Amino acid sequence: MSKTFDDIVKQLVDMGGVVEELKASEVYVRVPRDRLRNFARFLYESGAYFKTCVGVDERQLNNMFAVYYIFGLDELGKDVVLRALAPEDDAWVDSITSEVPAADWCELEFRDLVGIEPRNRLVRRLVLPEDWPDGVYPLRKEFKYDMRPPVGAFREELAEETGIPVGPYHPALHEPEYFELYVEGEKIVDVAYRGFHVHRGIEKLAESPRFTYKQVPFLAERICGICGFVHSTCYLMALEKAAGIEVPERAEFIRSIVLEVERLHSHLLWLGVAAHLLGYDAGFMHAWRIRERVMVLAEYLTGSRKTYGINIIGGVRKDIDLDKIDKTMRTMASLKEEFSKLTEVMLSVPQVKSRASGTGILSKSEARALSVVGPVARASGLYRDIRKDYPYLAYKRVSFKVPLYTEGDNLARLLVRVDEVYESIEIIKQLIDALPGGSISVEEYEIPVGRKAVAAIEAPRGEDVHFIITGVGRPYRWRVRAPTYQNIPALRAMLRGTPLADAPLTIASIDPCFSCTDRVVVYDMRSGRRSSIRITRGG
Amino acid sequence: MVKLSIAKILQIALKAGRVTRKYPSEQPLLTPEFRGAIRIDPTKCWGCGACVRVCPPNALTLTPKDKVATLEYFVGRCIFCGMCAEVCPANAITVTKEFELSSTSIEDLKSGVVHRLVRCSSCGELIWTEAELRATVKSSPISEEYITLCPKCRKLKFGKAAMLGRGGSSE
């Protein structure tokens, strides 16, 4: 990219944008709501990735609804936030999906939850269930967080499907997904996805009187069962940035170490699941055996195997002493040895290689258009890693490689994760070596009202984005965009044209929050017959 | 090729041996840092409610009813973060290593401390738990006349006294 940050800001101003706030790491530009698409096109063409968009009910502040479109200039390490306002009685904004396909979901989300209409695009319900009454918008401020609206009537489309097995979803597992695969014989021709079955309203809960700033990290940690620490850290990074809280260096290091420990266990878990899906259960067992060491280490470092609960505003609660340093170093050494042996065997199994290579291909251009994140992006030749692009916490102090593959198939995604395990081990070693002294949290802090901030973290699955507007005692608005949110739309591109047998591995290859009772409905285009298959053999 | 990888995985498996523990006959794998359920020491607890305010999942509740206030710990909601133990001014809460908490009755998951409440000697409003009153007297010298008053009556009384002290009339 040849343009500098200043050039881009200047160009946005020339196009009619008004700079509202200019910070070291991000700029807020107010743009006219009917010309959003022009600004989005310009940013996308300037090399920006789309992060997410957020609908906010700002009527208490300025009598308007606001929409924030967050773009990340990865190569410059800065964010550009476009803000468009819409009055209550005429709440619409210009849709940008024709320019930025990645914005598809989040526009539908603010349409569902805040009631701002994205214009000039096809709309459908995304987040809210079919029987949710019309005109009730949960993220508007007058909607109480514990309100349960009367259930409306099911829509026509759903009634037609009566009697067809769709499901079952496991209500206890945290992200049930539902794919409809349209096939011609064995070949998949199209994919429909329906998600958000377990939308828990966490964002609403955090802005309700039930929660305070201090309690939200524990709530954030429960967004995801695998990368919970990423979410609590990302929330705190956004909050600390908004409030201008300086986190002690030692706390930054400890957070980074725990983040990498989390990546290790996540990737090992995924490798096990991938091996299991390929019918290679020996690999699954051994990957999880090795992972257990990481889990024990995590418990020793934080007090809990998962949902570590050590993140507080302005630092962490648990220090790393000499015993812990020793244990970490020993675990890393043995992990590296065992992992290299295992992957050597695993990748030499011909069935693994032949089933993973050449399947579920995502081309670089499609990956770019959908702004995919994490290992999925890196396997399709996009050099994206938040740890490098927006160096946060202690990542500026370590050197590591970002594995990059260009094939874009399942094997490439597998290899990216294998390589990342080695990198994570090295990062942890470096961080432990360089662990500075000092306190691990700030004593006092103040959180001013009405500040905004965007924070991003490289989660095991990709870029996790949190956006916050501070309020009184709790966030005024808190938006979370998990990595899977950005990657699932890419599945359509990956699955089209591939044989049905490759679908389970391909769906798993983006590492979605995966529940083993997921099923897909198969719709045969020629006979019109439907049947459902298990996506995994176990469960 | 296949045979080779089988030989290799066998080697790995033989070296690793059996890793699954025979829980519960064998000890579970717990590190020294493990956080389990909390225990509240009723002799130390003041009933001040600091833990209730900080508890993210509302596992701790303080409910005043008639003459008593009950601090209840419902382990079914607990996320074992241990924030309550950190904020407790009386050091009454300890984080234990207990994790075998399942039960067939929901009542077994609840435990609590009952505190007697003190009424304001002037207006009769409920003000404090007896234990917190005792703790306050112990930590800071406070005049006998004021200790049983609610904040409102205390202010009033102090105001009157100050006026009298300056020679003004309380009438």
# chains A, B, ... in the order shown; residues from 1 in each chain; ligands from 1

call {"tool": "residues_around", "arguments": {"residues": "stretch 281-291 of chain A", "least_positions_apart": "6", "cutoff": "6 Å", "atoms": "only C-alpha atoms", "output": "list in words"}}
result
His265, Leu268, Gly272 and Ala275 of chain A

call {"tool": "closest_atom_pairs", "arguments": {"of": "chain B", "to": "chain A", "cutoff": "6 Å", "atoms": "only C-alpha atoms", "output": "CSV"}}
result
residue,atom,partner,partner_atom,distance
B:Ser5,CA,A:Val345,CA,5.6
B:Thr31,CA,A:Tyr300,CA,5.5
B:Glu33,CA,A:Gly303,CA,4.7
B:Phe34,CA,A:Gly303,CA,4.4
B:Arg35,CA,A:Gly303,CA,5.4
B:Pro56,CA,A:Gln215,CA,5.0
B:Cys81,CA,A:Gly309,CA,5.5

call {"tool": "closest_residue", "arguments": {"among": "A:Asp7, A:Glu221, A:Glu142, A:Glu366", "to": "A:Leu236", "atoms": "only C-alpha atoms"}}
result
A:Glu221

call {"tool": "residues_around", "arguments": {"residues": "B:Pro28", "least_positions_apart": "3", "cutoff": "12 Å", "atoms": "only C-alpha atoms", "output": "mmCIF file with N, CA and C atoms, in the first residue's frame"}}
result
data_model
loop_
_atom_site.group_PDB
_atom_site.id
_atom_site.type_symbol
_atom_site.label_atom_id
_atom_site.label_comp_id
_atom_site.auth_asym_id
_atom_site.auth_seq_id
_atom_site.Cartn_x
_atom_site.Cartn_y
_atom_site.Cartn_z
ATOM 1 N N VAL A 296 -3.310 -28.522 32.022
ATOM 2 C CA VAL A 296 -2.793 -28.533 33.392
ATOM 3 C C VAL A 296 -1.939 -27.290 33.632
ATOM 4 N N THR B 20 -4.810 -41.990 31.519
ATOM 5 C CA THR B 20 -6.086 -41.755 32.186
ATOM 6 C C THR B 20 -6.006 -42.190 33.635
ATOM 7 N N ARG B 21 -6.416 -41.308 34.527
ATOM 8 C CA ARG B 21 -6.382 -41.649 35.952
ATOM 9 C C ARG B 21 -7.636 -42.396 36.342
ATOM 10 N N LYS B 22 -7.480 -43.285 37.319
ATOM 11 C CA LYS B 22 -8.638 -44.059 37.768
ATOM 12 C C LYS B 22 -9.382 -43.284 38.841
ATOM 13 N N TYR B 23 -9.861 -42.133 38.427
ATOM 14 C CA TYR B 23 -10.651 -41.339 39.349
ATOM 15 C C TYR B 23 -12.005 -42.023 39.533
ATOM 16 N N PRO B 24 -12.626 -42.137 40.697
ATOM 17 C CA PRO B 24 -12.225 -41.499 41.947
ATOM 18 C C PRO B 24 -11.323 -42.333 42.851
ATOM 19 N N SER B 25 -10.975 -43.552 42.440
ATOM 20 C CA SER B 25 -10.136 -44.330 43.348
ATOM 21 C C SER B 25 -8.725 -43.769 43.411
ATOM 22 N N THR B 31 -3.812 -28.907 40.387
ATOM 23 C CA THR B 31 -2.603 -28.141 40.665
ATOM 24 C C THR B 31 -2.821 -27.328 41.944
ATOM 25 N N PHE B 34 -5.480 -24.465 41.862
ATOM 26 C CA PHE B 34 -6.875 -24.711 41.491
ATOM 27 C C PHE B 34 -7.855 -23.963 42.392
ATOM 28 N N LYS B 97 -10.396 -26.196 47.496
ATOM 29 C CA LYS B 97 -10.122 -27.008 46.306
ATOM 30 C C LYS B 97 -11.281 -27.963 46.022
ATOM 31 N N GLU B 98 -12.388 -27.708 46.677
ATOM 32 C CA GLU B 98 -13.529 -28.599 46.539
ATOM 33 C C GLU B 98 -14.146 -28.466 45.147
ATOM 34 N N PHE B 99 -14.338 -29.588 44.467
ATOM 35 C CA PHE B 99 -15.005 -29.520 43.170
ATOM 36 C C PHE B 99 -16.058 -30.598 42.989
ATOM 37 N N GLU B 100 -16.126 -31.537 43.919
ATOM 38 C CA GLU B 100 -17.149 -32.583 43.792
ATOM 39 C C GLU B 100 -18.429 -32.070 44.432
#

call {"tool": "atom_distance", "arguments": {"atom1": "atom CA of A:Val189", "atom2": "atom CA of A:Ala501"}}
result
13.4 Å

call {"tool": "residues_around", "arguments": {"residues": "A:Tyr422", "least_positions_apart": "3", "cutoff": "10 Å", "atoms": "only C-alpha atoms", "output": "VMD selection string"}}
result
chain A and resid 264 332 335 to 336 339 to 340 400 to 401 417 to 419 425 to 427

call {"tool": "residues_around", "arguments": {"residues": "B:Pro42", "least_positions_apart": "6", "cutoff": "9 Å", "atoms": "only C-alpha atoms", "output": "tab-separated table (two decimals) with N, CA and C atoms, in the first residue's frame"}}
result
chain	number	residue	atom	x	y	z
B	92	ALA	N	-13.28	-13.46	55.59
B	92	ALA	CA	-14.15	-14.55	55.99
B	92	ALA	C	-14.30	-15.60	54.90
B	112	GLY	N	-25.33	-20.61	53.78
B	112	GLY	CA	-25.45	-19.18	54.05
B	112	GLY	C	-25.14	-18.81	55.47
B	113	VAL	N	-25.08	-17.51	55.68
B	113	VAL	CA	-24.85	-16.96	57.01
B	113	VAL	C	-26.02	-16.03	57.31
B	114	VAL	N	-26.62	-16.20	58.50
B	114	VAL	CA	-27.75	-15.34	58.88
B	114	VAL	C	-27.23	-14.27	59.84

call {"tool": "select_by_dssp", "arguments": {"residues": "stretch 10-83 of chain B", "states": "strand (DSSP E)", "output": "MDAnalysis selection string"}}
result
chainID B and resid 38:40 60:65 68:74

call {"tool": "select_by_dssp", "arguments": {"residues": "chain B", "states": "alpha helix (DSSP H)", "output": "count of residues only"}}
result
54

call {"tool": "residues_around", "arguments": {"residues": "stretch 127-140 of chain B", "least_positions_apart": "6", "cutoff": "12 Å", "atoms": "only C-alpha atoms", "output": "JSON, numbers by chain"}}
result
{"B": [42, 43, 44, 45, 46, 47, 48, 49, 50, 62, 63, 64, 65, 67, 68, 69, 70, 71, 89, 90, 113, 114, 115, 116, 117, 118, 119, 120, 121, 146, 147, 148, 149, 150, 151, 152, 153, 154]}

call {"tool": "atom_distance", "arguments": {"atom1": "atom CA of A:Leu122", "atom2": "atom CA of A:Phe65"}}
result
21.2 Å

call {"tool": "residues_around", "arguments": {"residues": "stretch 451-467 of chain A", "least_positions_apart": "4", "cutoff": "9 Å", "atoms": "only C-alpha atoms", "output": "MDAnalysis selection string"}}
result
chainID A and resid 25:26 51:52 54 70 79 81 226:227 230:231 233:243 259:260 262:264 266:267 372:377 384:387 390 392 417 447 471 477:484 486:487 510:512

call {"tool": "atom_distance", "arguments": {"atom1": "atom CA of B:Val95", "atom2": "atom CA of A:Pro248"}}
result
26.5 Å

call {"tool": "closest_residue", "arguments": {"among": "A:Arg121, A:Arg30, A:Cys106, A:Leu411", "to": "A:Leu85", "atoms": "only C-alpha atoms"}}
result
A:Arg30

call {"tool": "closest_residue", "arguments": {"among": "A:Ile432, A:Leu205, A:Ala367, A:Ile361", "to": "A:Val258", "atoms": "only C-alpha atoms"}}
result
A:Ile432
